[in-house]
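Just start.cif here, mmCIF, C-alpha atoms:
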data_final
loop_
_atom_site.group_PDB
_atom_site.id
_atom_site.type_symbol
_atom_site.label_atom_id
_atom_site.label_comp_id
_atom_site.auth_asym_id
_atom_site.auth_seq_id
_atom_site.Cartn_x
_atom_site.Cartn_y
_atom_site.Cartn_z
ATOM 1 C CA MET A 497 -8.826 6.736 -24.210
ATOM 2 C CA ARG A 498 -8.964 9.564 -21.695
ATOM 3 C CA THR A 499 -7.602 12.973 -22.631
ATOM 4 C CA ILE A 500 -5.337 14.553 -20.039
ATOM 5 C CA SER A 501 -5.098 18.306 -19.690
ATOM 6 C CA THR A 502 -1.552 19.452 -20.297
ATOM 7 C CA THR A 503 -1.914 22.953 -18.871
ATOM 8 C CA ALA A 504 1.118 23.807 -16.763
ATOM 9 C CA HIS A 505 0.622 25.378 -13.350
ATOM 10 C CA ILE A 506 3.016 27.850 -11.776
ATOM 11 C CA GLN A 507 4.708 25.543 -9.327
ATOM 12 C CA PRO A 508 8.003 23.683 -9.392
ATOM 13 C CA GLN A 509 8.252 19.924 -9.665
ATOM 14 C CA SER A 510 11.123 19.716 -7.190
ATOM 15 C CA THR A 511 12.026 21.349 -3.902
ATOM 16 C CA ALA A 512 15.095 21.944 -1.766
ATOM 17 C CA ARG A 513 13.168 21.280 1.439
ATOM 18 C CA ILE A 514 12.916 17.670 2.554
ATOM 19 C CA MET A 515 11.541 15.998 5.694
ATOM 20 C CA MET A 516 13.037 12.710 6.881
ATOM 21 C CA ILE A 517 12.548 10.460 9.922
ATOM 22 C CA ARG A 518 15.597 8.868 11.561
ATOM 23 C CA PRO A 519 14.726 5.245 12.437
ATOM 24 C CA VAL A 520 14.605 4.088 16.050
ATOM 25 C CA GLN A 521 12.905 0.681 15.782
ATOM 26 C CA PHE A 522 13.594 -0.299 12.187
ATOM 27 C CA GLY A 523 12.921 -3.914 11.257
ATOM 28 C CA PHE A 524 11.065 -6.368 9.053
ATOM 29 C CA ASN A 525 7.338 -5.571 9.084
ATOM 30 C CA ALA A 526 5.309 -8.772 8.779
ATOM 31 C CA GLU A 527 2.104 -6.745 8.368
ATOM 32 C CA THR A 528 3.294 -5.226 5.083
ATOM 33 C CA ALA A 529 5.125 -8.241 3.646
ATOM 34 C CA GLY A 530 1.999 -9.785 2.135
ATOM 35 C CA SER A 531 1.626 -6.971 -0.405
ATOM 36 C CA ASN A 532 5.279 -5.940 -0.756
ATOM 37 C CA GLU A 533 7.308 -8.296 -2.939
ATOM 38 C CA PHE A 534 10.450 -6.255 -2.303
ATOM 39 C CA GLN A 535 10.803 -7.220 1.354
ATOM 40 C CA GLN A 536 13.362 -10.005 1.850
ATOM 41 C CA LYS A 537 12.283 -12.258 4.684
ATOM 42 C CA GLU A 538 15.442 -14.382 4.347
ATOM 43 C CA LEU A 539 17.706 -11.360 4.843
ATOM 44 C CA ALA A 540 15.677 -10.262 7.847
ATOM 45 C CA ALA A 541 16.036 -13.676 9.463
ATOM 46 C CA GLN A 542 19.825 -13.598 9.052
ATOM 47 C CA THR A 543 20.542 -10.105 10.390
ATOM 48 C CA HIS A 544 17.572 -9.326 12.633
ATOM 49 C CA ASP A 545 19.609 -8.161 15.637
ATOM 50 C CA LEU A 546 21.661 -5.708 13.573
ATOM 51 C CA ALA A 547 18.829 -4.220 11.505
ATOM 52 C CA GLN A 548 18.231 -1.049 13.509
ATOM 53 C CA GLU A 549 21.933 -0.275 13.924
ATOM 54 C CA LYS A 550 22.705 -0.800 10.247
ATOM 55 C CA ALA A 551 19.585 1.073 9.090
ATOM 56 C CA ARG A 552 20.578 4.068 11.199
ATOM 57 C CA GLU A 553 24.069 3.983 9.703
ATOM 58 C CA GLU A 554 22.609 3.948 6.189
ATOM 59 C CA PHE A 555 20.219 6.765 7.074
ATOM 60 C CA ASP A 556 22.956 8.970 8.516
ATOM 61 C CA LEU A 557 25.215 8.358 5.525
ATOM 62 C CA MET A 558 22.391 9.394 3.211
ATOM 63 C CA ILE A 559 21.835 12.531 5.303
ATOM 64 C CA SER A 560 25.516 13.464 5.100
ATOM 65 C CA GLN A 561 25.444 13.153 1.313
ATOM 66 C CA LEU A 562 22.263 15.197 1.018
ATOM 67 C CA GLN A 563 23.716 17.903 3.249
ATOM 68 C CA LEU A 564 26.668 18.246 0.900
ATOM 69 C CA THR A 565 24.292 19.156 -1.927
ATOM 70 C CA GLY A 566 22.921 22.156 -0.012
ATOM 71 C CA LEU A 567 19.409 20.867 0.619
ATOM 72 C CA ASP A 568 17.312 22.245 3.475
ATOM 73 C CA LEU A 569 16.747 19.087 5.522
ATOM 74 C CA HIS A 570 14.214 18.772 8.330
ATOM 75 C CA ILE A 571 15.191 15.655 10.268
ATOM 76 C CA PHE A 572 12.972 14.207 12.992
ATOM 77 C CA GLU A 573 13.710 11.316 15.340
ATOM 78 C CA ASP A 574 11.226 8.487 15.379
ATOM 79 C CA THR A 575 9.606 7.894 18.782
ATOM 80 C CA ASP A 576 9.828 4.589 20.644
ATOM 81 C CA ASP A 577 6.453 4.678 22.391
ATOM 82 C CA VAL A 578 4.859 2.449 19.749
ATOM 83 C CA TYR A 579 6.610 -0.095 17.528
ATOM 84 C CA LYS A 580 6.950 1.484 14.066
ATOM 85 C CA PRO A 581 9.386 -0.562 11.942
ATOM 86 C CA ASP A 582 8.658 1.447 8.754
ATOM 87 C CA ALA A 583 8.734 4.978 10.163
ATOM 88 C CA VAL A 584 11.733 5.815 7.959
ATOM 89 C CA PHE A 585 9.364 5.769 4.951
ATOM 90 C CA SER A 586 7.654 9.044 5.846
ATOM 91 C CA ASN A 587 6.331 9.845 2.368
ATOM 92 C CA ASN A 588 3.501 7.334 2.822
ATOM 93 C CA TRP A 589 1.545 9.132 5.560
ATOM 94 C CA VAL A 590 1.790 12.800 4.566
ATOM 95 C CA SER A 591 2.340 15.156 1.644
ATOM 96 C CA PHE A 592 2.963 18.907 1.665
ATOM 97 C CA HIS A 593 1.789 21.196 -1.140
ATOM 98 C CA GLN A 594 2.536 24.666 -2.454
ATOM 99 C CA SER A 595 -1.066 25.696 -1.800
ATOM 100 C CA GLY A 596 -0.389 25.357 1.932
ATOM 101 C CA LYS A 597 -2.378 22.130 2.099
ATOM 102 C CA VAL A 598 -1.200 19.090 4.033
ATOM 103 C CA VAL A 599 -2.707 15.691 3.203
ATOM 104 C CA LEU A 600 -2.863 12.789 5.670
ATOM 105 C CA TYR A 601 -3.290 9.339 4.148
ATOM 106 C CA PRO A 602 -4.987 6.039 5.071
ATOM 107 C CA MET A 603 -2.439 3.253 5.599
ATOM 108 C CA MET A 604 -3.079 -0.429 4.962
ATOM 109 C CA ALA A 605 -0.956 -1.871 7.792
ATOM 110 C CA GLU A 606 -2.357 -1.056 11.230
ATOM 111 C CA ASN A 607 1.105 -0.759 12.760
ATOM 112 C CA ARG A 608 1.995 1.966 10.247
ATOM 113 C CA ARG A 609 -0.856 4.260 11.240
ATOM 114 C CA ALA A 610 1.033 5.360 14.346
ATOM 115 C CA GLU A 611 3.621 6.937 12.027
ATOM 116 C CA ARG A 612 1.267 9.885 11.490
ATOM 117 C CA ARG A 613 2.519 12.555 13.874
ATOM 118 C CA MET A 614 0.825 15.894 14.337
ATOM 119 C CA ASP A 615 3.772 17.063 16.436
ATOM 120 C CA ILE A 616 5.897 17.032 13.293
ATOM 121 C CA ILE A 617 3.354 19.139 11.421
ATOM 122 C CA GLU A 618 3.156 21.564 14.353
ATOM 123 C CA THR A 619 6.953 21.915 14.326
ATOM 124 C CA LEU A 620 6.991 22.559 10.583
ATOM 125 C CA LYS A 621 4.367 25.287 11.075
ATOM 126 C CA LYS A 622 7.077 27.404 12.698
ATOM 127 C CA ASP A 623 8.807 27.732 9.310
ATOM 128 C CA PHE A 624 6.024 27.027 6.820
ATOM 129 C CA LEU A 625 2.453 28.165 6.208
ATOM 130 C CA VAL A 626 -0.159 25.443 6.660
ATOM 131 C CA GLU A 627 -3.519 26.633 5.349
ATOM 132 C CA GLU A 628 -5.491 23.400 5.579
ATOM 133 C CA ILE A 629 -5.100 19.781 6.637
ATOM 134 C CA ILE A 630 -6.962 17.344 4.418
ATOM 135 C CA ASP A 631 -7.508 14.157 6.404
ATOM 136 C CA LEU A 632 -8.261 11.079 4.307
ATOM 137 C CA THR A 633 -7.581 8.624 7.113
ATOM 138 C CA HIS A 634 -11.295 7.895 7.693
ATOM 139 C CA PHE A 635 -11.113 5.586 4.670
ATOM 140 C CA GLU A 636 -9.221 3.112 6.863
ATOM 141 C CA LYS A 637 -12.546 2.176 8.495
ATOM 142 C CA GLU A 638 -13.793 1.078 5.058
ATOM 143 C CA GLY A 639 -10.647 -0.867 4.201
ATOM 144 C CA LYS A 640 -9.657 1.633 1.498
ATOM 145 C CA PHE A 641 -6.126 2.978 1.352
ATOM 146 C CA LEU A 642 -3.871 5.488 -0.368
ATOM 147 C CA GLU A 643 -0.286 5.603 0.852
ATOM 148 C CA GLY A 644 0.804 9.077 -0.111
ATOM 149 C CA THR A 645 3.511 9.594 -2.699
ATOM 150 C CA GLY A 646 4.199 5.897 -2.576
ATOM 151 C CA SER A 647 0.784 5.140 -4.040
ATOM 152 C CA MET A 648 0.966 8.186 -6.327
ATOM 153 C CA VAL A 649 3.738 9.778 -8.342
ATOM 154 C CA LEU A 650 2.870 13.449 -8.684
ATOM 155 C CA ASP A 651 3.607 15.748 -11.567
ATOM 156 C CA ARG A 652 3.123 18.878 -9.524
ATOM 157 C CA ARG A 653 3.586 21.300 -12.398
ATOM 158 C CA TYR A 654 0.816 19.734 -14.476
ATOM 159 C CA LYS A 655 -1.184 18.509 -11.458
ATOM 160 C CA ILE A 656 -1.315 14.911 -12.636
ATOM 161 C CA ALA A 657 -1.216 11.976 -10.220
ATOM 162 C CA TYR A 658 0.026 8.720 -11.720
ATOM 163 C CA ALA A 659 -1.165 5.695 -9.749
ATOM 164 C CA CYS A 660 -1.061 1.937 -10.220
ATOM 165 C CA LEU A 661 -4.042 0.369 -8.474
ATOM 166 C CA SER A 662 -3.221 -2.159 -5.748
ATOM 167 C CA PRO A 663 -4.462 -3.209 -2.291
ATOM 168 C CA ARG A 664 -2.723 -0.048 -1.026
ATOM 169 C CA THR A 665 -4.110 2.293 -3.702
ATOM 170 C CA HIS A 666 -7.899 2.440 -3.879
ATOM 171 C CA PRO A 667 -9.675 4.358 -6.682
ATOM 172 C CA GLU A 668 -12.203 5.950 -4.313
ATOM 173 C CA VAL A 669 -9.473 7.476 -2.156
ATOM 174 C CA LEU A 670 -7.639 8.576 -5.286
ATOM 175 C CA ASP A 671 -10.787 10.392 -6.390
ATOM 176 C CA ALA A 672 -11.040 12.091 -2.988
ATOM 177 C CA PHE A 673 -7.421 13.256 -3.260
ATOM 178 C CA ALA A 674 -7.927 14.500 -6.814
ATOM 179 C CA GLU A 675 -11.061 16.463 -5.893
ATOM 180 C CA ALA A 676 -9.469 18.043 -2.832
ATOM 181 C CA MET A 677 -6.218 18.956 -4.583
ATOM 182 C CA GLY A 678 -7.361 19.684 -8.135
ATOM 183 C CA TYR A 679 -5.353 16.871 -9.690
ATOM 184 C CA GLU A 680 -6.131 14.750 -12.725
ATOM 185 C CA LEU A 681 -5.585 11.007 -12.407
ATOM 186 C CA VAL A 682 -3.741 8.612 -14.669
ATOM 187 C CA THR A 683 -4.528 5.196 -13.206
ATOM 188 C CA PHE A 684 -3.402 1.803 -14.411
ATOM 189 C CA SER A 685 -2.607 -1.717 -13.279
ATOM 190 C CA ALA A 686 0.985 -2.917 -13.006
ATOM 191 C CA SER A 687 2.527 -6.255 -12.148
ATOM 192 C CA ASP A 688 5.990 -7.740 -11.754
ATOM 193 C CA GLU A 689 7.664 -10.549 -13.648
ATOM 194 C CA ASN A 690 5.572 -13.065 -11.665
ATOM 195 C CA ASP A 691 2.325 -11.204 -12.462
ATOM 196 C CA LYS A 692 1.984 -10.034 -8.858
ATOM 197 C CA PRO A 693 0.604 -6.487 -8.454
ATOM 198 C CA VAL A 694 3.168 -3.741 -7.884
ATOM 199 C CA TYR A 695 2.398 -2.435 -4.409
ATOM 200 C CA HIS A 696 3.430 1.216 -4.905
ATOM 201 C CA THR A 697 3.663 3.366 -8.014
ATOM 202 C CA ASN A 698 6.926 4.957 -6.908
ATOM 203 C CA VAL A 699 8.874 1.717 -7.292
ATOM 204 C CA LEU A 700 8.297 1.749 -11.042
ATOM 205 C CA MET A 701 8.114 5.461 -11.799
ATOM 206 C CA CYS A 702 9.846 8.779 -11.087
ATOM 207 C CA VAL A 703 8.734 12.081 -12.623
ATOM 208 C CA GLY A 704 11.222 14.926 -12.854
ATOM 209 C CA ASP A 705 10.700 18.339 -14.381
ATOM 210 C CA ILE A 706 11.520 17.459 -18.000
ATOM 211 C CA PHE A 707 12.204 13.740 -17.711
ATOM 212 C CA ALA A 708 10.514 10.634 -16.384
ATOM 213 C CA ILE A 709 11.778 7.192 -15.437
ATOM 214 C CA VAL A 710 9.162 4.489 -15.929
ATOM 215 C CA CYS A 711 8.803 0.752 -16.355
ATOM 216 C CA LEU A 712 6.214 0.549 -19.114
ATOM 217 C CA GLU A 713 6.867 -3.199 -19.263
ATOM 218 C CA ALA A 714 5.041 -3.537 -15.925
ATOM 219 C CA ILE A 715 1.843 -2.097 -17.423
ATOM 220 C CA LYS A 716 0.468 -5.148 -19.206
ATOM 221 C CA ASN A 717 -2.674 -3.531 -20.653
ATOM 222 C CA PRO A 718 -1.630 -1.839 -23.942
ATOM 223 C CA ASP A 719 -4.262 0.909 -23.672
ATOM 224 C CA GLU A 720 -3.139 1.814 -20.152
ATOM 225 C CA ARG A 721 0.499 1.683 -21.221
ATOM 226 C CA GLN A 722 -0.214 4.085 -24.060
ATOM 227 C CA LEU A 723 -2.174 6.389 -21.750
ATOM 228 C CA VAL A 724 0.816 6.684 -19.419
ATOM 229 C CA ARG A 725 3.244 7.221 -22.286
ATOM 230 C CA ALA A 726 0.982 9.820 -23.895
ATOM 231 C CA ALA A 727 0.525 11.757 -20.646
ATOM 232 C CA LEU A 728 4.298 11.877 -20.148
ATOM 233 C CA GLU A 729 4.995 12.916 -23.720
ATOM 234 C CA GLU A 730 2.245 15.556 -23.750
ATOM 235 C CA THR A 731 3.747 17.103 -20.623
ATOM 236 C CA ASN A 732 7.120 17.330 -22.354
ATOM 237 C CA LYS A 733 8.925 14.553 -20.494
ATOM 238 C CA TYR A 734 11.911 12.743 -21.936
ATOM 239 C CA ILE A 735 11.176 9.105 -21.086
ATOM 240 C CA VAL A 736 13.889 6.829 -19.706
ATOM 241 C CA GLU A 737 12.469 3.316 -19.755
ATOM 242 C CA ILE A 738 13.612 0.781 -17.178
ATOM 243 C CA SER A 739 13.041 -2.974 -17.090
ATOM 244 C CA LEU A 740 11.245 -5.124 -14.538
ATOM 245 C CA GLU A 741 14.647 -6.424 -13.461
ATOM 246 C CA GLN A 742 15.795 -2.860 -12.799
ATOM 247 C CA VAL A 743 12.588 -2.183 -10.870
ATOM 248 C CA ARG A 744 13.533 -5.132 -8.655
ATOM 249 C CA HIS A 745 16.717 -3.172 -7.845
ATOM 250 C CA PHE A 746 14.737 0.014 -7.018
ATOM 251 C CA ALA A 747 15.703 1.842 -10.223
ATOM 252 C CA GLY A 748 12.247 3.426 -10.259
ATOM 253 C CA ASN A 749 12.468 4.618 -6.650
ATOM 254 C CA MET A 750 14.309 7.881 -7.222
ATOM 255 C CA LEU A 751 13.563 11.512 -6.443
ATOM 256 C CA MET A 752 14.711 14.684 -8.149
ATOM 257 C CA VAL A 753 15.518 17.504 -5.746
ATOM 258 C CA ARG A 754 17.160 20.887 -6.159
ATOM 259 C CA ASN A 755 19.282 22.810 -3.697
ATOM 260 C CA LEU A 756 18.694 26.378 -2.606
ATOM 261 C CA LYS A 757 20.834 27.586 -5.534
ATOM 262 C CA GLY A 758 18.627 25.733 -8.009
ATOM 263 C CA ASN A 759 21.079 22.945 -8.848
ATOM 264 C CA LYS A 760 19.268 19.673 -9.572
ATOM 265 C CA PHE A 761 20.099 16.260 -8.124
ATOM 266 C CA LEU A 762 18.638 12.812 -8.636
ATOM 267 C CA MET A 763 18.749 10.785 -5.413
ATOM 268 C CA MET A 764 18.798 6.984 -5.542
ATOM 269 C CA SER A 765 20.324 3.961 -3.841
ATOM 270 C CA THR A 766 23.606 2.417 -4.914
ATOM 271 C CA GLN A 767 21.727 -0.747 -5.866
ATOM 272 C CA ALA A 768 19.539 1.321 -8.203
ATOM 273 C CA PHE A 769 22.548 3.139 -9.657
ATOM 274 C CA ASP A 770 24.408 -0.109 -10.306
ATOM 275 C CA SER A 771 21.405 -1.533 -12.175
ATOM 276 C CA LEU A 772 21.313 1.326 -14.688
ATOM 277 C CA THR A 773 22.944 0.960 -18.076
ATOM 278 C CA GLU A 774 25.628 3.389 -19.145
ATOM 279 C CA ILE A 775 23.219 4.892 -21.680
ATOM 280 C CA GLN A 776 20.568 5.422 -18.997
ATOM 281 C CA ARG A 777 23.082 7.075 -16.673
ATOM 282 C CA LYS A 778 24.257 9.433 -19.403
ATOM 283 C CA SER A 779 20.666 10.330 -20.250
ATOM 284 C CA LEU A 780 19.830 11.133 -16.628
ATOM 285 C CA LEU A 781 23.016 13.167 -16.188
ATOM 286 C CA ASP A 782 21.681 15.529 -18.859
ATOM 287 C CA TYR A 783 18.967 16.531 -16.362
ATOM 288 C CA ALA A 784 20.480 16.228 -12.886
ATOM 289 C CA ARG A 785 23.574 15.220 -10.977
ATOM 290 C CA ILE A 786 23.212 11.661 -9.676
ATOM 291 C CA ILE A 787 23.684 11.022 -5.949
ATOM 292 C CA HIS A 788 23.564 7.449 -4.670
ATOM 293 C CA THR A 789 24.120 5.777 -1.323
ATOM 294 C CA ASP A 790 24.045 2.248 0.064
ATOM 295 C CA LEU A 791 20.585 1.414 1.436
ATOM 296 C CA SER A 792 20.786 -2.368 1.250
ATOM 297 C CA ILE A 793 19.453 -3.067 4.751
ATOM 298 C CA ILE A 794 16.638 -0.525 4.497
ATOM 299 C CA GLU A 795 15.732 -1.856 1.057
ATOM 300 C CA GLY A 796 15.935 -5.516 2.055
ATOM 301 C CA TYR A 797 13.950 -5.245 5.269
ATOM 302 C CA GLY A 798 11.534 -2.471 4.362
ATOM 303 C CA GLY A 799 10.993 -3.007 0.645
ATOM 304 C CA GLY A 800 11.473 0.705 0.003
ATOM 305 C CA SER A 801 14.395 2.856 -1.064
ATOM 306 C CA ALA A 802 15.650 6.430 -1.335
ATOM 307 C CA ARG A 803 12.489 8.063 -2.636
ATOM 308 C CA CYS A 804 10.352 6.466 0.096
ATOM 309 C CA MET A 805 12.582 8.048 2.752
ATOM 310 C CA MET A 806 12.206 11.614 1.437
ATOM 311 C CA THR A 807 9.069 13.687 1.992
ATOM 312 C CA GLU A 808 9.075 16.849 -0.089
ATOM 313 C CA ILE A 809 8.041 20.080 1.643
ATOM 314 C CA HIS A 810 6.389 22.314 -0.958
ATOM 315 C CA LEU A 811 4.655 24.482 1.640
ATOM 316 C CA PRO A 812 5.182 28.257 1.354
ATOM 317 C CA LEU A 813 7.665 29.781 3.776
ATOM 318 C CA ARG A 814 6.433 32.032 6.550
#
Could you write out this structure as structure tokens?
Amino acid sequence: MRTISTTAHIQPQSTARIMMIRPVQFGFNAETAGSNEFQQKELAAQTHDLAQEKAREEFDLMISQLQLTGLDLHIFEDTDDVYKPDAVFSNNWVSFHQSGKVVLYPMMAENRRAERRMDIIETLKKDFLVEEIIDLTHFEKEGKFLEGTGSMVLDRRYKIAYACLSPRTHPEVLDAFAEAMGYELVTFSASDENDKPVYHTNVLMCVGDIFAIVCLEAIKNPDERQLVRAALEETNKYIVEISLEQVRHFAGNMLMVRNLKGNKFLMMSTQAFDSLTEIQRKSLLDYARIIHTDLSIIEGYGGGSARCMMTEIHLPLR
């Protein structure tokens, strides 16, 4: 079994600064449905004409709740020049790091590649220092993908990237990320109750500063399951285990944030919140205040939830 370094680095796990993209053309993406078991084709067929309107309402309600917490939100409008039904899930194409590095990621679905927008990065440069852009998108030509902090769940303090391998998460691209960013990798295979591969790591796992939410049940290989558990325990995480049924309700798709005063919040959807047991809720409340909002249309059409909509900005301020 691999040994993971548990040396802490001087950087916070959470941030008060979040980038989000307001949807303009939200809808069911047939190009992603083949590898995303969370997309509900039946729902999309019933409410197709209302999807964009309802998704925008859900997005704006989430924004209003986040604003009340005192977060520093950087909201961008999607563009309508190219059809981008998943643009609301901005954490898949870019990540921002305390070192001043920005990473661009290779996306599996061709119609998602247009989501990468240098104009957004240029706008953020007015407030944040960007030292280097690491572009991994050339892997798309080889059919190898890594979809940002969907494919990886980062422990930024210990510089560990947890990743379940899937058609959207290729080991060669993971290695390129790890080498460029100085991260260690904890890789494993994960599958749902029907033994279908889990498409993104962040639907079954959330890493906070001193806690972690994880569906160990999804990791069928006992050695890999123990590796994940050991890495979490050795980095001083209190583990809240969730079930495959709770994963189906996006209970793994959460993100811990902190406001400018340092108060910590755990953002999730109402569906995820409702799936938690009372014991799990009480455990999580020991670490952060829970904020939840209805994302049923975004979840049903897009197969992603609250965490997928939030891109953390760890870049240093100018």
task = Write out as a PyMOL selection string each polymer residue whose atoms come within 6 Å of region 789-794 of chain A, counting all atoms listed in the file; drop sequence neighbours fewer than 6 positions from it.
result = chain A and resi 551+554+765-766
remark   = Using all atoms listed in the file, the best pick from A:Leu600, A:Glu611, A:Phe624, A:Arg518 as closest to Leu811 (chain A) would be A:Phe624
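Counting only C-alpha atoms and comparing A:Val682, A:Ile629, A:Val598, A:Met614, the residue that lies closest to Ala726 (chain A) is A:Val682.
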request  = Would you please work out which residue, of A:Leu762, A:Arg725, A:Val578, A:Cys804, is nearest to Ile786 (chain A) when using only C-alpha atoms?
outcome  =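 Ranking A:Leu762, A:Arg725, A:Val578, A:Cys804 by distance to Ile786 (chain A), first place goes to A:Leu762.
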request  = Using the chain letters and numbers from the file, give me the residues hit by the PyMOL selection byres ((chain A and resi 641) around 9), as a list in words.
outcome  =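 Taken on the displayed file, the PyMOL selection byres ((chain A and resi 641) around 9) yields the residues Tyr601, Pro602, Met603, Met604, Leu632, Thr633, Phe635, Glu636, Glu638, Gly639, Lys640, Leu642, Glu643, Pro663, Arg664, Thr665, His666, Pro667, Glu668, Val669 and Leu670 of chain A.
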inquiry  = Let me make sure I understand: among A:Tyr579, A:Phe707, A:Tyr797, A:Phe555, which one has the smallest atom-to-atom distance to Gln509 (chain A) if we use all atoms listed in the file?
reply    = A:Phe707
request  = Evaluate the PyMOL selection byres ((chain A and resi 613) around 12) on the structure here and hand back the selected residues as a ChimeraX atom specification.
outcome  = /A:517,572-575,578,580,583,586,589-590,600-601,608-612,614-620
Can you write just those residues out, C-alpha atoms, as a PDB file, in the coordinates of the input?
ATOM      1  CA  ILE A 517      12.548  10.460   9.922  1.00  0.00           C
ATOM      2  CA  PHE A 572      12.972  14.207  12.992  1.00  0.00           C
ATOM      3  CA  GLU A 573      13.710  11.316  15.340  1.00  0.00           C
ATOM      4  CA  ASP A 574      11.226   8.487  15.379  1.00  0.00           C
ATOM      5  CA  THR A 575       9.606   7.894  18.782  1.00  0.00           C
ATOM      6  CA  VAL A 578       4.859   2.449  19.749  1.00  0.00           C
ATOM      7  CA  LYS A 580       6.950   1.484  14.066  1.00  0.00           C
ATOM      8  CA  ALA A 583       8.734   4.978  10.163  1.00  0.00           C
ATOM      9  CA  SER A 586       7.654   9.044   5.846  1.00  0.00           C
ATOM     10  CA  TRP A 589       1.545   9.132   5.560  1.00  0.00           C
ATOM     11  CA  VAL A 590       1.790  12.800   4.566  1.00  0.00           C
ATOM     12  CA  LEU A 600      -2.863  12.789   5.670  1.00  0.00           C
ATOM     13  CA  TYR A 601      -3.290   9.339   4.148  1.00  0.00           C
ATOM     14  CA  ARG A 608       1.995   1.966  10.247  1.00  0.00           C
ATOM     15  CA  ARG A 609      -0.856   4.260  11.240  1.00  0.00           C
ATOM     16  CA  ALA A 610       1.033   5.360  14.346  1.00  0.00           C
ATOM     17  CA  GLU A 611       3.621   6.937  12.027  1.00  0.00           C
ATOM     18  CA  ARG A 612       1.267   9.885  11.490  1.00  0.00           C
ATOM     19  CA  MET A 614       0.825  15.894  14.337  1.00  0.00           C
ATOM     20  CA  ASP A 615       3.772  17.063  16.436  1.00  0.00           C
ATOM     21  CA  ILE A 616       5.897  17.032  13.293  1.00  0.00           C
ATOM     22  CA  ILE A 617       3.354  19.139  11.421  1.00  0.00           C
ATOM     23  CA  GLU A 618       3.156  21.564  14.353  1.00  0.00           C
ATOM     24  CA  THR A 619       6.953  21.915  14.326  1.00  0.00           C
ATOM     25  CA  LEU A 620       6.991  22.559  10.583  1.00  0.00           C
TER      26      LEU A 620
END
message = Calculated over only C-alpha atoms, which of the candidates A:Ala547, A:Gln521, A:Glu720, A:Asp770 has the smallest distance to Asp576 (chain A)?
response =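 When distances to Asp576 (chain A) are compared using only C-alpha atoms, the smallest one comes from A:Gln521.
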key: Hits of the PyMOL selection byres ((chain A and resi 677) around 12) in this structure, as a VMD selection string   = chain A and resid 591 to 599 628 to 630 650 652 655 to 657 670 to 676 678 to 681
task = Find the residues near Gly800 (chain A): any atom within 8 Å, counting all atoms listed in the file, skip ones fewer than 4 places away on the same chain, and give them as JSON, numbers by chain.
result = {"A": [534, 585, 699, 746, 749, 794, 795, 796, 804, 805]}
File dump, residues just selected, C-alpha atoms, as a PDB file, keeping the file's coordinate frame:
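Saved the output as out14.pdb:
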ATOM      1  CA  PHE A 534      10.450  -6.255  -2.303  1.00  0.00           C
ATOM      2  CA  PHE A 585       9.364   5.769   4.951  1.00  0.00           C
ATOM      3  CA  VAL A 699       8.874   1.717  -7.292  1.00  0.00           C
ATOM      4  CA  PHE A 746      14.737   0.014  -7.018  1.00  0.00           C
ATOM      5  CA  ASN A 749      12.468   4.618  -6.650  1.00  0.00           C
ATOM      6  CA  ILE A 794      16.638  -0.525   4.497  1.00  0.00           C
ATOM      7  CA  GLU A 795      15.732  -1.856   1.057  1.00  0.00           C
ATOM      8  CA  GLY A 796      15.935  -5.516   2.055  1.00  0.00           C
ATOM      9  CA  CYS A 804      10.352   6.466   0.096  1.00  0.00           C
ATOM     10  CA  MET A 805      12.582   8.048   2.752  1.00  0.00           C
TER      11      MET A 805
END
message = Between CA of Met763 (chain A) and CA of Ile709 (chain A), what distance in Å does the model show, to one decimal?
response =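 Rounded to one decimal, the two atoms are 12.7 Å apart.
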Per-axis box centre and lengths in Å around region 602-612 of chain A, 4 Å margin per side, axis-aligned, as lines of an AutoDock Vina configuration file:
center_x = -0.7
center_y = 4.0
center_z = 9.7
size_x = 16.6
size_y = 19.8
size_z = 17.4
Missing atoms in region 704-709 of chain A: fill them in up to N, CA, C and O atoms and send the result as a compact mmCIF listing (two decimals), in the frame of the given file.
# COMPACT_ATOMS: atom_id res chain seq x y z
N GLY A 704 10.45 13.72 -13.08
CA GLY A 704 11.22 14.93 -12.85
C GLY A 704 10.55 16.10 -13.54
O GLY A 704 9.37 16.05 -13.89
N ASP A 705 11.30 17.16 -13.75
CA ASP A 705 10.70 18.34 -14.38
C ASP A 705 10.55 18.15 -15.88
O ASP A 705 9.48 18.39 -16.45
N ILE A 706 11.60 17.67 -16.55
CA ILE A 706 11.52 17.46 -18.00
C ILE A 706 11.95 16.05 -18.38
O ILE A 706 12.30 15.78 -19.53
N PHE A 707 11.91 15.14 -17.43
CA PHE A 707 12.20 13.74 -17.71
C PHE A 707 11.35 12.86 -16.82
O PHE A 707 10.79 13.30 -15.81
N ALA A 708 11.23 11.61 -17.20
CA ALA A 708 10.51 10.63 -16.38
C ALA A 708 11.17 9.28 -16.55
O ALA A 708 11.57 8.91 -17.65
N ILE A 709 11.28 8.56 -15.44
CA ILE A 709 11.78 7.19 -15.44
C ILE A 709 10.57 6.31 -15.21
O ILE A 709 9.81 6.52 -14.26
